[in-house]
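The next block holds one structure in the form of C-alpha cells; read it before the comments.
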Amino acid sequence: MKLIFEKSREGLGCDILPPCDVPAAPLPAYMARKKPARLPSLDENQISRHYSALAKRVFGINDGFYPLGSCTMKYNPKVNEELAGLAGFTDIHPLQPEHTVRGCRKLLDLAAGYLCEITGMDAVNFQPAAGAHGELTGLLLIKASHESRGEGARKQIIVPDSAHGTNPASASMAGYSVVNIPSGPDGCIDLAALKAVAGPGTAGLMLTNPNTLGVFDPNILEITRIVHEAGGLNYYDGANLNAVIGIARPGDMGFDVVHLNLHKTFSTPHGGGGPGSGVVGCKESLAPFLPVSGVVMEGGDTEHSQSIGRVRAFGGNFLVVVRAAAYLLTLGKENLPEVARNAALNANYLMERLRTKLPSAYPGPCMHEFVVSLEKLKAGYGVSALDFAKALQDKGMYPPTIYFPLIVREALMIEPTETESRETLDEAAEAFLSVYDQALADGESLRAAPRTAVICRPDEVKAARQSKVCFRWD
Ligand SMILES: *Cc1c(COP(=O)(O)O)cnc(C)c1O
C-alpha cells in the first residue's frame, strides 16, 4: 500500500475545513515556519479511501479476542461513546465562563467522588494524559511532600523486578535513582530484600498489586508498613484496576498515591495512541501538592502555593472522564465488583484450559492475568514466544503480550478480561493448544507465521534503532 505522501499530486486538494469564524490571532514571528509545511494534496475521495484501507488493516478489540496482558483490552460499551459525543460535552472551551459549564463541572466532581471511593484516596486530579504521565505526576507529589518537610535528601524509589517498565522510567524522570528488588519464587516481593534497602534514603516504593504476574501480594500490608516506617511513601500503579475494582482499595492497602488508567479499566478505547487519562489520586496529606490548571505564582496564590504546578493544559482529557462516569453510573456500586470477579474468573478459566500443555509460570490461582513460560518449547523445539505469538495471529486473534514481565523467560502474558464470553475463551484455548501441537510437530513452520497478516516479520530491531518516522520528499 502506498503512503499518503506517495499518492499526493500537485494541484489536488480539498477544502473540508469551515471558514474561520473568530478573529485571526497571528503567531509571534519566531514561532512561524520559514516556509509552509509540505503536506500531501489529495482529493476527498482519495483521502477517504486511503483511511478506509488503513482501517481495514488494523486489528482492534472490535475485531476479535485481544488478550494483551497488562493492557486490559476489553469491550467498551458503545453507549459511552454516544454520551461522550453529546454537544454539551464536546462544544465547550476551557476558557468559557464557569457558569456556562456547570454541568461539566458537576460531572467532574461526580467522577472524582467515585474514583476516590474506588481507590480509597481523598483527592484526585484529572490532568495526567496517560498512565506513565500519572506516574510522573504522583512521584512529583511524593518529592514535593518530602521537600516540604525538609526530607529532600531522600533520593531512592524502590521498584520490584516484576514492575511495568514505565515505573523505573518515571522514577528516573522525576529525578530519583531506582533501587530494584527481586521477587520470590511465588512472584511476590521478597520481604527481606525490601527491609534491606528501605531506609533514610528511601523516598518511596512503586508497586502494582496484583503484580504483572497476576499475583496479589498477600504481604501487602507488611510491605507498605516497612516503607512507611523507613519514612517513605507508597505509590500504587493502578493501571490495571480490573483485578480489584470494587473489592479492594489501594488506600486500604497502605498506599499514599495512585494512578488509574481510565483508558484501560474505565471504558475509553485505547491502543492507537488516542487520548487517555492517567488520573492521579492521593491521601489528604499529599493533596496540597496536586497539579492546578493555572500558573502557580510563588508566594502569591496562597491556596495553591505548594502545588507542583500544571502537568497538562486545563482539566486534562475531559471526554475520557465522561466515558468513565457513564461506565460507573451504568454499573453502579452493586455491580462494579462483578467486573473484578469476572476478570479473575475468565483468566483462571483460560489458565486451567491451557494447564496441561502451557502451564502458568507461577503456582496458585491468578487474578486478572497469568503468565506462561515457553522456555521449554524454545529449548526443545526452537519455538520462541515470538513465533508462538505470530502463529496465534493466523487464528484470528491478537497475540498476548510477550517477553514481559522480564523475570519470566519466553513469557506469554495473557489477560482475557471480563467482557469475553465462555465461547470466545474456549475458541482461544483451542487456538493456543493447536499452536502448541504445531510447535511440537513442525516448529519450523511457525517461523513463517503470520501468513494471513499484511506484514509477516518486520525487522523490529532495525525499526527501533533506525526508525523512519518522517517522509522525505525528494
Ligand atoms: C499500561 C500500564 C502503564 C502505562 O500506562 P500508559 O497509559 O500506557 O502510559 C503503567 N503500568 C502498568 C502496570 C500498565 O499496565
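Residue numbering restarts at 1 in every chain; chains get A, B, ... in the order shown in the C-alpha cells, and ligands count up from 1 in that same order.
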
Extract, using only C-alpha atoms, all DNA, RNA and protein residues at most 7 Å from stretch 246-253 of chain A, discarding same-chain residues fewer than 3 positions from it, and format them as a PyMOL selection string.
chain A and resi 118-121+220-221+236+256+336-337

DSSP strand (DSSP E) selection over stretch 144-357 of chain A, as number ranges by chain
A: 156-160, 177-181, 202-207, 233-238, 257-260, 280-282

Please dump the current selection as an mmCIF file, in the first residue's frame; keep N, CA, C and O atoms.
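Writing done, so here's part-v6.cif:
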```
data_model
loop_
_atom_site.group_PDB
_atom_site.id
_atom_site.type_symbol
_atom_site.label_atom_id
_atom_site.label_comp_id
_atom_site.auth_asym_id
_atom_site.auth_seq_id
_atom_site.Cartn_x
_atom_site.Cartn_y
_atom_site.Cartn_z
ATOM 1 N N GLN A 156 15.754 7.815 46.642
ATOM 2 C CA GLN A 156 15.591 6.494 46.034
ATOM 3 C C GLN A 156 14.135 6.051 45.975
ATOM 4 O O GLN A 156 13.383 6.235 46.920
ATOM 5 N N ILE A 157 13.808 5.448 44.844
ATOM 6 C CA ILE A 157 12.498 4.816 44.706
ATOM 7 C C ILE A 157 12.736 3.314 44.539
ATOM 8 O O ILE A 157 13.510 2.893 43.675
ATOM 9 N N ILE A 158 12.067 2.543 45.366
ATOM 10 C CA ILE A 158 12.211 1.083 45.304
ATOM 11 C C ILE A 158 11.185 0.532 44.310
ATOM 12 O O ILE A 158 10.004 0.870 44.371
ATOM 13 N N VAL A 159 11.670 -0.297 43.384
ATOM 14 C CA VAL A 159 10.798 -0.868 42.355
ATOM 15 C C VAL A 159 11.087 -2.371 42.246
ATOM 16 O O VAL A 159 12.237 -2.749 42.052
ATOM 17 N N PRO A 160 10.075 -3.228 42.371
ATOM 18 C CA PRO A 160 10.340 -4.666 42.229
ATOM 19 C C PRO A 160 10.648 -5.043 40.773
ATOM 20 O O PRO A 160 10.257 -4.329 39.856
ATOM 21 N N SER A 177 16.809 7.922 41.861
ATOM 22 C CA SER A 177 17.510 6.723 41.414
ATOM 23 C C SER A 177 16.641 5.531 41.791
ATOM 24 O O SER A 177 15.873 5.572 42.764
ATOM 25 N N VAL A 178 16.734 4.489 40.978
ATOM 26 C CA VAL A 178 15.856 3.337 41.136
ATOM 27 C C VAL A 178 16.599 2.208 41.840
ATOM 28 O O VAL A 178 17.701 1.852 41.455
ATOM 29 N N VAL A 179 15.991 1.684 42.896
ATOM 30 C CA VAL A 179 16.570 0.531 43.582
ATOM 31 C C VAL A 179 15.670 -0.661 43.288
ATOM 32 O O VAL A 179 14.503 -0.688 43.655
ATOM 33 N N ASN A 180 16.227 -1.623 42.548
ATOM 34 C CA ASN A 180 15.462 -2.798 42.152
ATOM 35 C C ASN A 180 15.491 -3.860 43.233
ATOM 36 O O ASN A 180 16.539 -4.113 43.799
ATOM 37 N N ILE A 181 14.344 -4.469 43.518
ATOM 38 C CA ILE A 181 14.373 -5.610 44.450
ATOM 39 C C ILE A 181 13.758 -6.828 43.760
ATOM 40 O O ILE A 181 12.844 -6.706 42.944
ATOM 41 N N THR A 202 15.219 6.312 51.324
ATOM 42 C CA THR A 202 14.019 5.892 50.595
ATOM 43 C C THR A 202 12.997 7.023 50.462
ATOM 44 O O THR A 202 12.498 7.524 51.466
ATOM 45 N N ALA A 203 12.691 7.388 49.230
ATOM 46 C CA ALA A 203 11.607 8.350 49.014
ATOM 47 C C ALA A 203 10.290 7.614 48.920
ATOM 48 O O ALA A 203 9.255 8.107 49.355
ATOM 49 N N GLY A 204 10.317 6.417 48.333
ATOM 50 C CA GLY A 204 9.075 5.669 48.219
ATOM 51 C C GLY A 204 9.238 4.350 47.515
ATOM 52 O O GLY A 204 10.331 3.972 47.091
ATOM 53 N N LEU A 205 8.109 3.652 47.406
ATOM 54 C CA LEU A 205 8.034 2.363 46.726
ATOM 55 C C LEU A 205 6.978 2.488 45.635
ATOM 56 O O LEU A 205 5.943 3.120 45.839
ATOM 57 N N MET A 206 7.247 1.894 44.467
ATOM 58 C CA MET A 206 6.221 1.827 43.416
ATOM 59 C C MET A 206 5.824 0.379 43.247
ATOM 60 O O MET A 206 6.691 -0.473 43.044
ATOM 61 N N LEU A 207 4.541 0.131 43.295
ATOM 62 C CA LEU A 207 4.102 -1.255 43.245
ATOM 63 C C LEU A 207 2.807 -1.414 42.460
ATOM 64 O O LEU A 207 1.933 -0.554 42.509
ATOM 65 N N LEU A 233 7.046 6.879 51.088
ATOM 66 C CA LEU A 233 5.624 6.867 50.736
ATOM 67 C C LEU A 233 5.391 5.746 49.719
ATOM 68 O O LEU A 233 6.318 5.319 49.024
ATOM 69 N N ASN A 234 4.152 5.270 49.664
ATOM 70 C CA ASN A 234 3.834 4.147 48.782
ATOM 71 C C ASN A 234 3.010 4.588 47.580
ATOM 72 O O ASN A 234 1.962 5.215 47.728
ATOM 73 N N TYR A 235 3.511 4.217 46.404
ATOM 74 C CA TYR A 235 2.835 4.556 45.149
ATOM 75 C C TYR A 235 2.209 3.305 44.554
ATOM 76 O O TYR A 235 2.895 2.289 44.360
ATOM 77 N N TYR A 236 0.927 3.368 44.232
ATOM 78 C CA TYR A 236 0.227 2.217 43.649
ATOM 79 C C TYR A 236 0.009 2.449 42.164
ATOM 80 O O TYR A 236 -0.665 3.400 41.766
ATOM 81 N N ASP A 237 0.601 1.580 41.348
ATOM 82 C CA ASP A 237 0.370 1.641 39.911
ATOM 83 C C ASP A 237 -0.952 0.928 39.643
ATOM 84 O O ASP A 237 -1.018 -0.299 39.619
ATOM 85 N N GLY A 238 -2.004 1.717 39.468
ATOM 86 C CA GLY A 238 -3.344 1.150 39.295
ATOM 87 C C GLY A 238 -3.804 1.129 37.857
ATOM 88 O O GLY A 238 -5.002 1.219 37.589
ATOM 89 N N VAL A 257 -0.393 7.299 47.187
ATOM 90 C CA VAL A 257 -0.650 7.881 45.862
ATOM 91 C C VAL A 257 -0.980 6.754 44.903
ATOM 92 O O VAL A 257 -0.442 5.643 45.017
ATOM 93 N N VAL A 258 -1.829 7.040 43.933
ATOM 94 C CA VAL A 258 -2.213 6.020 42.957
ATOM 95 C C VAL A 258 -2.491 6.694 41.624
ATOM 96 O O VAL A 258 -2.878 7.859 41.584
ATOM 97 N N HIS A 259 -2.229 5.985 40.538
ATOM 98 C CA HIS A 259 -2.790 6.463 39.269
ATOM 99 C C HIS A 259 -3.659 5.364 38.701
ATOM 100 O O HIS A 259 -3.422 4.177 38.955
ATOM 101 N N LEU A 260 -4.687 5.753 37.974
ATOM 102 C CA LEU A 260 -5.547 4.805 37.280
ATOM 103 C C LEU A 260 -5.458 5.098 35.798
ATOM 104 O O LEU A 260 -5.258 6.248 35.413
ATOM 105 N N VAL A 280 -4.674 10.850 38.780
ATOM 106 C CA VAL A 280 -3.882 10.594 39.982
ATOM 107 C C VAL A 280 -4.728 10.856 41.221
ATOM 108 O O VAL A 280 -5.425 11.868 41.299
ATOM 109 N N GLY A 281 -4.669 9.924 42.171
ATOM 110 C CA GLY A 281 -5.355 10.106 43.442
ATOM 111 C C GLY A 281 -4.342 10.079 44.571
ATOM 112 O O GLY A 281 -3.288 9.466 44.440
ATOM 113 N N CYS A 282 -4.672 10.759 45.669
ATOM 114 C CA CYS A 282 -3.721 10.749 46.788
ATOM 115 C C CYS A 282 -4.452 10.949 48.108
ATOM 116 O O CYS A 282 -5.615 11.348 48.143
#
```

Residues near A:Leu350, anyone? I mean within 8 Å using only C-alpha atoms, not counting same-chain ones fewer than 2 positions away, as a PyMOL selection string.
chain A and resi 346-348+352-354+416+425-426+429

Rounded to one decimal in Å, what is the spacing between atom CA of A:Pro200 and atom CA of A:Arg149?
13.7 Å

Distance query A:Glu10 at most 10 Å, only C-alpha atoms, self and fewer than 3 positions along chain excluded, as a ChimeraX atom specification
/A:13,40-42

Name the residues, by chain letter and number, that sit within 10 Å of ligand 1 using only C-alpha atoms and all ligand atoms, and give them as a PyMOL selection string.
chain A and resi 68-72+128-135+162-167+170+207-212+236-241+259-264+270-271+273+275-278

In terms of the shortest atom-to-atom distance over only C-alpha atoms, which of A:Ala464, A:Leu86, A:Ala287, A:Ile455 is closest to A:Ser305?
A:Ala287
